[in-house]
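Peer 1: Got a file for you: start_16.cif, mmCIF, C-alpha atoms and all ligand atoms.
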```cif
data_structure
loop_
_atom_site.group_PDB
_atom_site.id
_atom_site.type_symbol
_atom_site.label_atom_id
_atom_site.label_comp_id
_atom_site.auth_asym_id
_atom_site.auth_seq_id
_atom_site.Cartn_x
_atom_site.Cartn_y
_atom_site.Cartn_z
ATOM 1 C CA MET A 425 101.428 46.012 -125.917
ATOM 2 C CA PRO A 426 102.149 49.695 -126.508
ATOM 3 C CA ASP A 427 105.011 51.255 -124.574
ATOM 4 C CA ARG A 428 103.164 53.305 -121.936
ATOM 5 C CA HIS A 429 106.249 55.217 -120.933
ATOM 6 C CA PRO A 430 109.741 54.557 -122.225
ATOM 7 C CA TRP A 431 111.070 54.083 -118.682
ATOM 8 C CA LEU A 432 108.633 52.095 -116.587
ATOM 9 C CA HIS A 433 110.809 52.004 -113.497
ATOM 10 C CA CYS A 434 112.245 55.493 -113.426
ATOM 11 C CA PRO A 435 109.612 58.114 -112.717
ATOM 12 C CA PRO A 436 109.755 61.389 -114.638
ATOM 13 C CA ALA A 437 112.128 63.659 -112.744
ATOM 14 C CA HIS A 438 110.899 66.634 -110.754
ATOM 15 C CA PRO A 439 110.944 69.738 -112.989
ATOM 16 C CA GLN A 440 112.801 71.833 -110.406
ATOM 17 C CA ILE A 441 115.401 69.304 -109.286
ATOM 18 C CA GLU A 442 118.451 68.802 -111.441
ATOM 19 C CA ALA A 443 121.356 66.392 -111.246
ATOM 20 C CA ILE A 444 124.873 67.766 -111.232
ATOM 21 C CA PRO A 445 126.934 64.708 -112.191
ATOM 22 C CA ALA A 446 130.391 64.977 -110.634
ATOM 23 C CA LEU A 447 133.407 63.070 -109.351
ATOM 24 C CA ARG A 448 133.288 59.416 -110.386
ATOM 25 C CA ASP A 449 129.589 58.635 -110.074
ATOM 26 C CA ASN A 450 128.104 61.208 -107.694
ATOM 27 C CA TYR A 451 125.018 63.297 -108.203
ATOM 28 C CA PHE A 452 124.869 66.624 -106.403
ATOM 29 C CA TRP A 453 121.183 67.655 -106.436
ATOM 30 C CA LEU A 454 120.297 71.231 -107.331
ATOM 31 C CA ILE A 455 116.871 72.224 -105.993
ATOM 32 C CA ALA A 456 115.482 75.389 -107.560
ATOM 33 C CA GLY A 457 113.102 77.660 -105.681
ATOM 34 C CA PRO A 458 109.681 78.537 -107.072
ATOM 35 C CA ASP A 459 110.766 81.949 -108.374
ATOM 36 C CA GLY A 460 113.690 80.476 -110.310
ATOM 37 C CA ARG A 461 116.206 82.763 -108.575
ATOM 38 C CA ALA A 462 117.502 80.858 -105.571
ATOM 39 C CA ALA A 463 118.578 77.269 -105.275
ATOM 40 C CA ALA A 464 119.871 74.799 -102.729
ATOM 41 C CA VAL A 465 122.353 72.017 -103.324
ATOM 42 C CA VAL A 466 122.478 68.629 -101.650
ATOM 43 C CA ASP A 467 125.843 66.990 -100.854
ATOM 44 C CA PRO A 468 128.217 69.087 -102.996
ATOM 45 C CA GLY A 469 131.372 66.991 -103.032
ATOM 46 C CA GLU A 470 133.167 69.677 -105.000
ATOM 47 C CA ALA A 471 132.430 73.324 -105.728
ATOM 48 C CA ALA A 472 133.261 73.863 -109.405
ATOM 49 C CA PRO A 473 130.418 71.920 -111.027
ATOM 50 C CA VAL A 474 127.955 73.518 -108.599
ATOM 51 C CA GLN A 475 129.247 76.999 -109.432
ATOM 52 C CA ALA A 476 128.887 76.191 -113.134
ATOM 53 C CA ALA A 477 125.300 74.994 -112.717
ATOM 54 C CA LEU A 478 124.387 78.069 -110.629
ATOM 55 C CA ALA A 479 125.903 80.348 -113.265
ATOM 56 C CA ALA A 480 124.142 78.549 -116.113
ATOM 57 C CA HIS A 481 120.757 79.217 -114.480
ATOM 58 C CA ASN A 482 121.688 82.525 -112.903
ATOM 59 C CA TYR A 483 120.696 81.154 -109.485
ATOM 60 C CA THR A 484 121.978 82.352 -106.147
ATOM 61 C CA LEU A 485 122.861 79.627 -103.657
ATOM 62 C CA GLY A 486 120.695 79.954 -100.546
ATOM 63 C CA ALA A 487 121.386 76.682 -98.782
ATOM 64 C CA ILE A 488 123.539 73.581 -98.665
ATOM 65 C CA LEU A 489 122.008 70.361 -97.349
ATOM 66 C CA LEU A 490 124.404 67.653 -96.174
ATOM 67 C CA THR A 491 123.535 64.040 -95.408
ATOM 68 C CA HIS A 492 126.816 62.763 -93.936
ATOM 69 C CA HIS A 493 130.478 63.575 -93.513
ATOM 70 C CA HIS A 494 132.152 61.701 -96.391
ATOM 71 C CA GLY A 495 134.387 63.790 -98.616
ATOM 72 C CA ASP A 496 132.454 63.104 -101.816
ATOM 73 C CA HIS A 497 129.444 64.770 -100.145
ATOM 74 C CA VAL A 498 131.036 67.712 -98.321
ATOM 75 C CA GLY A 499 134.197 68.534 -100.292
ATOM 76 C CA GLY A 500 132.714 71.645 -101.921
ATOM 77 C CA VAL A 501 131.211 73.212 -98.806
ATOM 78 C CA ALA A 502 134.076 75.517 -97.798
ATOM 79 C CA GLU A 503 134.448 77.126 -101.222
ATOM 80 C CA LEU A 504 130.690 77.468 -101.789
ATOM 81 C CA ALA A 505 130.133 78.968 -98.337
ATOM 82 C CA ARG A 506 132.959 81.473 -98.955
ATOM 83 C CA GLN A 507 131.272 82.782 -102.056
ATOM 84 C CA TRP A 508 127.611 82.532 -101.060
ATOM 85 C CA ASP A 509 125.752 83.791 -98.036
ATOM 86 C CA CYS A 510 124.095 80.457 -97.446
ATOM 87 C CA GLU A 511 123.007 78.301 -94.570
ATOM 88 C CA VAL A 512 124.721 74.941 -94.267
ATOM 89 C CA PHE A 513 122.506 72.190 -92.858
ATOM 90 C CA GLY A 514 124.030 68.940 -91.657
ATOM 91 C CA PRO A 515 123.833 66.138 -89.117
ATOM 92 C CA ALA A 516 124.380 67.282 -85.531
ATOM 93 C CA THR A 517 126.352 64.198 -84.561
ATOM 94 C CA GLU A 518 128.968 64.305 -87.319
ATOM 95 C CA ALA A 519 131.948 66.647 -87.341
ATOM 96 C CA ILE A 520 131.586 68.592 -90.585
ATOM 97 C CA ALA A 521 133.367 71.923 -90.941
ATOM 98 C CA GLY A 522 131.077 74.752 -92.005
ATOM 99 C CA VAL A 523 127.738 73.400 -90.794
ATOM 100 C CA THR A 524 125.714 76.349 -89.469
ATOM 101 C CA VAL A 525 122.471 74.510 -88.645
ATOM 102 C CA PRO A 526 123.006 71.113 -86.969
ATOM 103 C CA LEU A 527 120.053 68.773 -87.396
ATOM 104 C CA SER A 528 118.696 65.610 -85.873
ATOM 105 C CA ASP A 529 115.681 63.346 -86.223
ATOM 106 C CA GLY A 530 112.440 65.293 -86.337
ATOM 107 C CA SER A 531 114.055 68.656 -87.129
ATOM 108 C CA THR A 532 112.254 70.638 -89.812
ATOM 109 C CA ILE A 533 113.920 73.211 -92.035
ATOM 110 C CA THR A 534 112.740 75.675 -94.649
ATOM 111 C CA PRO A 535 115.841 76.631 -96.650
ATOM 112 C CA ALA A 536 116.004 80.239 -97.848
ATOM 113 C CA GLY A 537 114.506 80.777 -101.289
ATOM 114 C CA LEU A 538 112.889 77.340 -101.557
ATOM 115 C CA GLY A 539 109.655 77.821 -99.648
ATOM 116 C CA THR A 540 109.655 74.093 -98.952
ATOM 117 C CA THR A 541 109.817 72.486 -95.557
ATOM 118 C CA PHE A 542 111.956 69.393 -95.167
ATOM 119 C CA GLN A 543 111.685 66.923 -92.365
ATOM 120 C CA VAL A 544 114.909 65.376 -91.112
ATOM 121 C CA ILE A 545 115.055 61.609 -90.676
ATOM 122 C CA ASP A 546 117.934 59.921 -88.848
ATOM 123 C CA VAL A 547 119.171 57.042 -90.988
ATOM 124 C CA PRO A 548 122.297 55.635 -89.301
ATOM 125 C CA GLY A 549 124.192 52.706 -90.773
ATOM 126 C CA HIS A 550 126.384 53.943 -93.631
ATOM 127 C CA THR A 551 127.718 56.470 -91.155
ATOM 128 C CA ARG A 552 126.638 56.856 -87.549
ATOM 129 C CA GLY A 553 125.018 60.269 -87.963
ATOM 130 C CA HIS A 554 123.642 60.032 -91.515
ATOM 131 C CA ILE A 555 120.427 62.000 -92.064
ATOM 132 C CA ALA A 556 117.900 62.199 -94.910
ATOM 133 C CA TYR A 557 115.655 65.084 -95.969
ATOM 134 C CA PHE A 558 111.989 64.504 -96.840
ATOM 135 C CA ALA A 559 109.458 67.020 -98.173
ATOM 136 C CA ALA A 560 105.765 66.305 -98.785
ATOM 137 C CA SER A 561 106.087 68.256 -102.046
ATOM 138 C CA HIS A 562 108.253 70.908 -103.643
ATOM 139 C CA GLY A 563 107.206 73.774 -105.904
ATOM 140 C CA ARG A 564 104.577 73.044 -108.522
ATOM 141 C CA ASP A 565 105.041 69.266 -108.414
ATOM 142 C CA ALA A 566 102.795 67.403 -105.997
ATOM 143 C CA ARG A 567 105.045 64.411 -105.438
ATOM 144 C CA PRO A 568 106.985 63.972 -102.201
ATOM 145 C CA VAL A 569 110.772 64.093 -102.477
ATOM 146 C CA LEU A 570 113.527 62.417 -100.471
ATOM 147 C CA PHE A 571 117.256 63.141 -100.444
ATOM 148 C CA CYS A 572 118.877 60.146 -98.818
ATOM 149 C CA GLY A 573 122.607 60.403 -99.571
ATOM 150 C CA ASP A 574 124.280 56.990 -99.347
ATOM 151 C CA THR A 575 121.564 55.162 -97.399
ATOM 152 C CA LEU A 576 119.007 53.934 -99.948
ATOM 153 C CA PHE A 577 120.217 53.618 -103.544
ATOM 154 C CA ALA A 578 118.296 52.730 -106.678
ATOM 155 C CA GLY A 579 118.305 48.937 -106.447
ATOM 156 C CA GLY A 580 120.613 48.813 -103.436
ATOM 157 C CA CYS A 581 121.841 50.442 -100.241
ATOM 158 C CA GLY A 582 124.997 51.992 -98.841
ATOM 159 C CA ARG A 583 127.848 50.064 -97.291
ATOM 160 C CA ILE A 584 127.914 49.751 -93.542
ATOM 161 C CA PHE A 585 130.966 51.795 -92.594
ATOM 162 C CA GLU A 586 130.159 52.963 -89.075
ATOM 163 C CA GLY A 587 126.871 51.434 -88.021
ATOM 164 C CA THR A 588 125.464 47.930 -87.689
ATOM 165 C CA PRO A 589 123.224 45.860 -89.967
ATOM 166 C CA GLU A 590 120.398 46.349 -87.434
ATOM 167 C CA GLN A 591 120.771 50.117 -87.720
ATOM 168 C CA LEU A 592 120.909 50.247 -91.492
ATOM 169 C CA LEU A 593 117.950 47.874 -91.832
ATOM 170 C CA ALA A 594 115.907 50.005 -89.435
ATOM 171 C CA SER A 595 116.884 53.121 -91.412
ATOM 172 C CA LEU A 596 115.843 51.504 -94.698
ATOM 173 C CA ASP A 597 112.579 50.357 -93.121
ATOM 174 C CA ARG A 598 111.794 53.952 -92.209
ATOM 175 C CA LEU A 599 112.482 55.147 -95.742
ATOM 176 C CA ALA A 600 110.472 52.277 -97.239
ATOM 177 C CA GLY A 601 107.534 53.443 -95.138
ATOM 178 C CA LEU A 602 107.392 56.845 -96.855
ATOM 179 C CA PRO A 603 104.634 57.423 -99.446
ATOM 180 C CA GLU A 604 105.011 55.133 -102.451
ATOM 181 C CA ASP A 605 105.131 58.002 -104.948
ATOM 182 C CA THR A 606 108.074 59.667 -103.169
ATOM 183 C CA LEU A 607 110.839 60.559 -105.614
ATOM 184 C CA VAL A 608 114.069 59.161 -104.203
ATOM 185 C CA TYR A 609 117.194 61.205 -104.899
ATOM 186 C CA CYS A 610 120.244 59.224 -103.830
ATOM 187 C CA ALA A 611 123.801 60.444 -104.222
ATOM 188 C CA HIS A 612 125.351 57.941 -106.637
ATOM 189 C CA GLU A 613 124.692 56.322 -110.009
ATOM 190 C CA TYR A 614 125.172 52.728 -108.829
ATOM 191 C CA THR A 615 121.964 51.338 -110.300
ATOM 192 C CA VAL A 616 123.337 48.961 -112.927
ATOM 193 C CA SER A 617 125.717 47.193 -110.558
ATOM 194 C CA ASN A 618 123.060 47.166 -107.821
ATOM 195 C CA LEU A 619 120.515 45.519 -110.113
ATOM 196 C CA ARG A 620 123.025 42.922 -111.265
ATOM 197 C CA PHE A 621 123.386 41.934 -107.624
ATOM 198 C CA ALA A 622 119.624 42.121 -107.065
ATOM 199 C CA LEU A 623 119.111 39.606 -109.875
ATOM 200 C CA ALA A 624 121.490 37.201 -108.167
ATOM 201 C CA ALA A 625 119.450 37.527 -104.974
ATOM 202 C CA GLU A 626 116.028 37.295 -106.619
ATOM 203 C CA PRO A 627 116.515 35.677 -110.050
ATOM 204 C CA GLY A 628 112.848 34.750 -110.488
ATOM 205 C CA SER A 629 111.531 38.321 -110.442
ATOM 206 C CA ALA A 630 110.309 39.325 -113.904
ATOM 207 C CA GLU A 631 109.850 42.900 -112.763
ATOM 208 C CA LEU A 632 113.446 43.066 -111.576
ATOM 209 C CA GLY A 633 114.587 41.700 -114.945
ATOM 210 C CA ALA A 634 112.613 44.397 -116.725
ATOM 211 C CA ARG A 635 114.025 47.080 -114.456
ATOM 212 C CA ASN A 636 117.539 45.841 -115.111
ATOM 213 C CA ASP A 637 116.978 45.959 -118.895
ATOM 214 C CA GLU A 638 115.642 49.479 -118.562
ATOM 215 C CA ALA A 639 118.577 50.663 -116.453
ATOM 216 C CA LEU A 640 121.039 49.236 -118.987
ATOM 217 C CA ARG A 641 119.215 51.031 -121.827
ATOM 218 C CA MET A 642 119.164 54.295 -119.912
ATOM 219 C CA ARG A 643 122.853 54.186 -119.046
ATOM 220 C CA ALA A 644 123.756 53.287 -122.618
ATOM 221 C CA ALA A 645 121.870 56.432 -123.635
ATOM 222 C CA GLY A 646 123.626 58.503 -120.964
ATOM 223 C CA ILE A 647 120.440 59.025 -118.928
ATOM 224 C CA ALA A 648 120.469 59.141 -115.107
ATOM 225 C CA THR A 649 118.534 56.294 -113.455
ATOM 226 C CA VAL A 650 117.867 58.541 -110.449
ATOM 227 C CA PRO A 651 115.349 59.550 -109.165
ATOM 228 C CA THR A 652 113.684 56.296 -108.384
ATOM 229 C CA SER A 653 110.554 55.932 -106.265
ATOM 230 C CA ILE A 654 109.707 54.202 -103.012
ATOM 231 C CA ALA A 655 107.202 52.016 -104.909
ATOM 232 C CA VAL A 656 109.824 50.766 -107.362
ATOM 233 C CA GLU A 657 112.337 50.149 -104.583
ATOM 234 C CA ARG A 658 109.841 48.184 -102.522
ATOM 235 C CA ARG A 659 109.138 45.958 -105.518
ATOM 236 C CA THR A 660 112.710 45.391 -106.730
ATOM 237 C CA ASN A 661 115.364 46.396 -104.158
ATOM 238 C CA PRO A 662 116.530 43.224 -102.348
ATOM 239 C CA PHE A 663 117.563 45.191 -99.255
ATOM 240 C CA LEU A 664 113.898 46.200 -98.791
ATOM 241 C CA ARG A 665 112.695 42.653 -99.457
ATOM 242 C CA CYS A 666 114.334 40.506 -96.779
ATOM 243 C CA GLU A 667 111.020 38.804 -96.018
ATOM 244 C CA GLU A 668 110.435 37.622 -99.597
ATOM 245 C CA ASP A 669 110.599 33.831 -99.961
ATOM 246 C CA GLU A 670 113.032 33.834 -102.856
ATOM 247 C CA ILE A 671 115.501 36.127 -101.090
ATOM 248 C CA ARG A 672 115.244 34.115 -97.885
ATOM 249 C CA ASP A 673 115.908 30.945 -99.938
ATOM 250 C CA THR A 674 118.921 32.486 -101.689
ATOM 251 C CA VAL A 675 120.392 33.489 -98.340
ATOM 252 C CA ALA A 676 119.613 30.080 -96.823
ATOM 253 C CA THR A 677 121.547 28.429 -99.655
ATOM 254 C CA ARG A 678 124.521 30.707 -99.021
ATOM 255 C CA LEU A 679 124.442 30.113 -95.272
ATOM 256 C CA GLY A 680 123.787 26.392 -95.620
ATOM 257 C CA ARG A 681 120.933 26.665 -93.108
ATOM 258 C CA ALA A 682 117.752 28.613 -92.513
ATOM 259 C CA PRO A 683 118.432 32.240 -91.582
ATOM 260 C CA ARG A 684 117.528 33.040 -87.999
ATOM 261 C CA SER A 685 116.092 36.497 -88.517
ATOM 262 C CA ARG A 686 115.335 39.259 -90.954
ATOM 263 C CA VAL A 687 118.432 41.097 -89.726
ATOM 264 C CA GLU A 688 120.547 38.053 -90.496
ATOM 265 C CA ILE A 689 119.150 37.946 -94.043
ATOM 266 C CA PHE A 690 119.911 41.630 -94.470
ATOM 267 C CA ALA A 691 123.429 41.325 -93.000
ATOM 268 C CA GLU A 692 124.236 38.375 -95.249
ATOM 269 C CA LEU A 693 122.948 40.199 -98.356
ATOM 270 C CA ARG A 694 125.027 43.276 -97.502
ATOM 271 C CA ALA A 695 128.167 41.212 -96.850
ATOM 272 C CA TRP A 696 127.635 39.269 -100.102
ATOM 273 C CA LYS A 697 127.220 42.497 -102.066
ATOM 274 C CA ASN A 698 130.543 43.793 -100.696
ATOM 275 C CA GLN A 699 132.409 41.047 -102.518
ATOM 276 C CA PHE A 700 130.027 40.524 -105.451
ATOM 277 C CA ALA A 701 131.831 40.881 -108.779
HETATM 278 ZN ZN ZN A 801 129.206 58.022 -98.123
HETATM 279 FE FE FE A 802 129.117 58.791 -101.309
#
```
What would you get if you wrote out this structure as structure tokens?
Ligand code: ZN
Ligand code: FE

Peer 2:
Amino acid sequence: MPDRHPWLHCPPAHPQIEAIPALRDNYFWLIAGPDGRAAAVVDPGEAAPVQAALAAHNYTLGAILLTHHHGDHVGGVAELARQWDCEVFGPATEAIAGVTVPLSDGSTITPAGLGTTFQVIDVPGHTRGHIAYFAASHGRDARPVLFCGDTLFAGGCGRIFEGTPEQLLASLDRLAGLPEDTLVYCAHEYTVSNLRFALAAEPGSAELGARNDEALRMRAAGIATVPTSIAVERRTNPFLRCEEDEIRDTVATRLGRAPRSRVEIFAELRAWKNQFA
């Protein structure tokens, strides 16, 4: 069979959204406006790599979008906001210095210079006030885009630091309900370790095996495995598949009894992942 596309599970990236790899394994997302002059950045955990990317493209920074309060997502805000006359969007219920526009579920924003309207979705669980940003499309590309911080990852999900399993599962359910072709921009390159865990949870999935092979090839070639898409996550991310028979069976074996609920399956998967080596 001919290779349709070298990466079957990673959609071609959006032409106006660029990864700034930084810190250990973070991606800060640089979103360019349609005129190629202004840009916004999502979750800048430090300023220097963002400044370098802006300078390389000769962009001005019009907006900073924050998903939650952790240092690897907000560490660059103060320095960037000192240099640039930019709005700083962030969750209303988290204490983040420098936020100028506090947001909550259902808020819509149109960051300066982007011409794109984002809808804010509350996705508590990793942190209590975590938010995600969804746009039906951006610029010349028709696909929807989602910036979801540390909530939904390629092949996995964030740790539960402040919320409950019920909350994080409900948040992931909301994201899984977005259009299947949505490009999912999460904040870390965790895909290979996530898929290794996913294979332990759902070893019989041929598609998951193929995705894992692809992710290993991409990382060996130094290619980002993000963005992913809602369609790919629904088919291969165990945290979106708690009702699948094989995952339920895996969890039942670990518990030594039938799980009582979907939330219990999710909670057990998340706890198992925390100590999965
Ligand atoms: Zn975090
Ligand atoms: Fe993080």

Peer 1: Name the residues that the PyMOL selection byres (((chain A and resi 547) around 9) and not hetatm) pulls out of this structure, and write them as a list in words.

Peer 2: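 Those residues are Asp529, Ile545, Asp546, Pro548, Gly549, His550, Thr551, Arg552, Gly553, His554, Ile555, Ala556, Cys572, Thr575, Gln591, Leu592, Ala594, Ser595, Leu596, Arg598 and Leu599 of chain A.
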
Peer 1: As a quick test: using only C-alpha atoms and all ligand atoms, which residues lie no more than 12 Å away from ligand FE 802 (chain A)? Give them as a ChimeraX atom specification.

Peer 2: /A:446-452,466-469,490-499,550-551,554,572-577,581-585,610-614

Peer 1: Can you spit out the residues from that selection as an mmCIF file, in the frame of the given file, using C-alpha atoms?

Peer 2:
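The resulting file, result_26.cif, is shown below:
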```
data_model
loop_
_atom_site.group_PDB
_atom_site.id
_atom_site.type_symbol
_atom_site.label_atom_id
_atom_site.label_comp_id
_atom_site.auth_asym_id
_atom_site.auth_seq_id
_atom_site.Cartn_x
_atom_site.Cartn_y
_atom_site.Cartn_z
ATOM 1 C CA ALA A 446 130.391 64.977 -110.634
ATOM 2 C CA LEU A 447 133.407 63.070 -109.351
ATOM 3 C CA ARG A 448 133.288 59.416 -110.386
ATOM 4 C CA ASP A 449 129.589 58.635 -110.074
ATOM 5 C CA ASN A 450 128.104 61.208 -107.694
ATOM 6 C CA TYR A 451 125.018 63.297 -108.203
ATOM 7 C CA PHE A 452 124.869 66.624 -106.403
ATOM 8 C CA VAL A 466 122.478 68.629 -101.650
ATOM 9 C CA ASP A 467 125.843 66.990 -100.854
ATOM 10 C CA PRO A 468 128.217 69.087 -102.996
ATOM 11 C CA GLY A 469 131.372 66.991 -103.032
ATOM 12 C CA LEU A 490 124.404 67.653 -96.174
ATOM 13 C CA THR A 491 123.535 64.040 -95.408
ATOM 14 C CA HIS A 492 126.816 62.763 -93.936
ATOM 15 C CA HIS A 493 130.478 63.575 -93.513
ATOM 16 C CA HIS A 494 132.152 61.701 -96.391
ATOM 17 C CA GLY A 495 134.387 63.790 -98.616
ATOM 18 C CA ASP A 496 132.454 63.104 -101.816
ATOM 19 C CA HIS A 497 129.444 64.770 -100.145
ATOM 20 C CA VAL A 498 131.036 67.712 -98.321
ATOM 21 C CA GLY A 499 134.197 68.534 -100.292
ATOM 22 C CA HIS A 550 126.384 53.943 -93.631
ATOM 23 C CA THR A 551 127.718 56.470 -91.155
ATOM 24 C CA HIS A 554 123.642 60.032 -91.515
ATOM 25 C CA CYS A 572 118.877 60.146 -98.818
ATOM 26 C CA GLY A 573 122.607 60.403 -99.571
ATOM 27 C CA ASP A 574 124.280 56.990 -99.347
ATOM 28 C CA THR A 575 121.564 55.162 -97.399
ATOM 29 C CA LEU A 576 119.007 53.934 -99.948
ATOM 30 C CA PHE A 577 120.217 53.618 -103.544
ATOM 31 C CA CYS A 581 121.841 50.442 -100.241
ATOM 32 C CA GLY A 582 124.997 51.992 -98.841
ATOM 33 C CA ARG A 583 127.848 50.064 -97.291
ATOM 34 C CA ILE A 584 127.914 49.751 -93.542
ATOM 35 C CA PHE A 585 130.966 51.795 -92.594
ATOM 36 C CA CYS A 610 120.244 59.224 -103.830
ATOM 37 C CA ALA A 611 123.801 60.444 -104.222
ATOM 38 C CA HIS A 612 125.351 57.941 -106.637
ATOM 39 C CA GLU A 613 124.692 56.322 -110.009
ATOM 40 C CA TYR A 614 125.172 52.728 -108.829
#
```

Peer 1: Report, in Å with one decimal, the straight-line distance from atom CA of A:Tyr483 to atom CA of A:Ile444.

Peer 2: 14.1 Å

Peer 1: Could you check the closest approach to A:Ser629 for each of A:Glu688, A:Glu511, A:Asp459, A:Glu668 and tell me which residue wins, using all atoms listed in the file?

Peer 2: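 Closest candidate: A:Glu668.
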
Peer 1: Can you spell out as a list of chain:residue names the set of residues that the PyMOL selection byres (((chain A and resi 649) around 10) and not hetatm) selects in the structure I just provided?

Peer 2: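 So the PyMOL selection byres (((chain A and resi 649) around 10) and not hetatm) ends up selecting A:Trp431, A:His433, A:Cys434, A:Pro435, A:Ala437, A:Ala578, A:Tyr609, A:His612, A:Glu613, A:Tyr614, A:Thr615, A:Val616, A:Glu638, A:Ala639, A:Leu640, A:Arg641, A:Met642, A:Arg643, A:Gly646, A:Ile647, A:Ala648, A:Val650, A:Pro651, A:Thr652.
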
Peer 1: Suppose a student applies the PyMOL selection byres (((chain A and resi 503-507) around 9) and not hetatm) to this structure; what residues should they get, written as a list in words?

Peer 2: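 Applied to this file, the PyMOL selection byres (((chain A and resi 503-507) around 9) and not hetatm) selects Pro468, Glu470, Ala471, Ala472, Val474, Gln475, Leu485, Ile488, Gly499, Gly500, Val501, Ala502, Trp508, Asp509, Cys510, Glu511, Val512 and Gly522 of chain A.
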
Peer 1: So that I can check the surroundings of stretch 533-542 of chain A, please list as a compact mmCIF listing (two decimals) with C-alpha atoms, in the frame of the given file every protein, DNA and RNA residue that reaches within 10 Å of it, counting only C-alpha atoms and ignoring chain neighbours fewer than 5 positions away.

Peer 2:
```txt
# COMPACT_ATOMS: atom_id res chain seq x y z
CA ILE A 455 116.87 72.22 -105.99
CA ALA A 456 115.48 75.39 -107.56
CA GLY A 457 113.10 77.66 -105.68
CA PRO A 458 109.68 78.54 -107.07
CA ASP A 459 110.77 81.95 -108.37
CA GLY A 460 113.69 80.48 -110.31
CA ARG A 461 116.21 82.76 -108.58
CA ALA A 462 117.50 80.86 -105.57
CA ALA A 463 118.58 77.27 -105.28
CA ALA A 464 119.87 74.80 -102.73
CA THR A 484 121.98 82.35 -106.15
CA LEU A 485 122.86 79.63 -103.66
CA GLY A 486 120.70 79.95 -100.55
CA ALA A 487 121.39 76.68 -98.78
CA ILE A 488 123.54 73.58 -98.66
CA LEU A 489 122.01 70.36 -97.35
CA CYS A 510 124.10 80.46 -97.45
CA GLU A 511 123.01 78.30 -94.57
CA VAL A 512 124.72 74.94 -94.27
CA PHE A 513 122.51 72.19 -92.86
CA VAL A 525 122.47 74.51 -88.64
CA LEU A 527 120.05 68.77 -87.40
CA ALA A 556 117.90 62.20 -94.91
CA TYR A 557 115.66 65.08 -95.97
CA PHE A 558 111.99 64.50 -96.84
CA ALA A 559 109.46 67.02 -98.17
CA ALA A 560 105.76 66.31 -98.78
CA SER A 561 106.09 68.26 -102.05
CA HIS A 562 108.25 70.91 -103.64
CA GLY A 563 107.21 73.77 -105.90
CA VAL A 569 110.77 64.09 -102.48
CA LEU A 570 113.53 62.42 -100.47
CA PHE A 571 117.26 63.14 -100.44
```

Peer 1: Give the padded box for stretch 569-588 of chain A as JSON: axis-aligned, covering all atoms listed in the file, 4 Å on each side, centre and edge lengths in Å to one decimal.

Peer 2:
```
{"center_x": 120.9, "center_y": 56.0, "center_z": -97.2, "size_x": 28.2, "size_y": 24.2, "size_z": 27.0}
```

Peer 1: Tell me which of A:Pro568, A:Pro627, A:Pro439, A:Pro515 sits closest to A:Glu604, counting all atoms listed in the file.

Peer 2: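 The answer is A:Pro568, which sits nearest to A:Glu604.
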
Peer 1: Suppose you want the space between atom CA of A:Val544 and atom CA of A:Ile654; what is it in Å?

Peer 2: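 Computing it gives 17.1 Å between the two atoms.
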
Peer 1: List the spatial neighbours of A:Leu693 as a list in words - criterion: any atom at most 9 Å away, only C-alpha atoms, same-chain residues fewer than 2 positions off excluded.

Peer 2: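 Here the qualifying residues turn out to be Ala625, Pro662, Phe663, Cys666, Ile671, Val675, Glu688, Ile689, Phe690, Ala691, Ala695, Trp696, Lys697 and Asn698 of chain A.
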
Peer 1: For the selection you just gave me, I'd like the residues written to a file as a compact mmCIF listing (two decimals), keeping the file's coordinate frame, keeping C-alpha atoms.

Peer 2:
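As written to disk, out27.txt reads:
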```txt
# COMPACT_ATOMS: atom_id res chain seq x y z
CA ALA A 625 119.45 37.53 -104.97
CA PRO A 662 116.53 43.22 -102.35
CA PHE A 663 117.56 45.19 -99.26
CA CYS A 666 114.33 40.51 -96.78
CA ILE A 671 115.50 36.13 -101.09
CA VAL A 675 120.39 33.49 -98.34
CA GLU A 688 120.55 38.05 -90.50
CA ILE A 689 119.15 37.95 -94.04
CA PHE A 690 119.91 41.63 -94.47
CA ALA A 691 123.43 41.32 -93.00
CA ALA A 695 128.17 41.21 -96.85
CA TRP A 696 127.64 39.27 -100.10
CA LYS A 697 127.22 42.50 -102.07
CA ASN A 698 130.54 43.79 -100.70
```

Peer 1: Choose the residue, out of A:Glu586, A:Phe621, A:Arg658, A:Leu679, that has the smallest atom-to-atom separation from ligand ZN 801 (chain A); count all atoms listed in the file.

Peer 2: A:Glu586

Peer 1: Please identify all polymer residues within 10 Å of A:Leu432, counting all atoms listed in the file, omitting same-chain residues fewer than 5 positions from it, and present them as a list of chain:residue names.

Peer 2: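 Once the nearby chain positions are removed, what remains is A:Asp427, A:Ala634, A:Arg635, A:Glu638, A:Val656.
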
Peer 1: Please indicate the distance in Å from atom CA of A:Leu632 to atom CA of A:Asp673, rounded to one decimal place.

Peer 2: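 For atom CA of A:Leu632 relative to atom CA of A:Asp673, the distance reads 17.0 Å.
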
Peer 1: Let me make sure I understand: among A:Ala701, A:Val523, A:Ala682, A:Leu478, which one has the smallest atom-to-atom distance to A:Leu454 if we use all atoms listed in the file?

Peer 2: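 Checking each candidate against A:Leu454, we get A:Leu478 as the closest.
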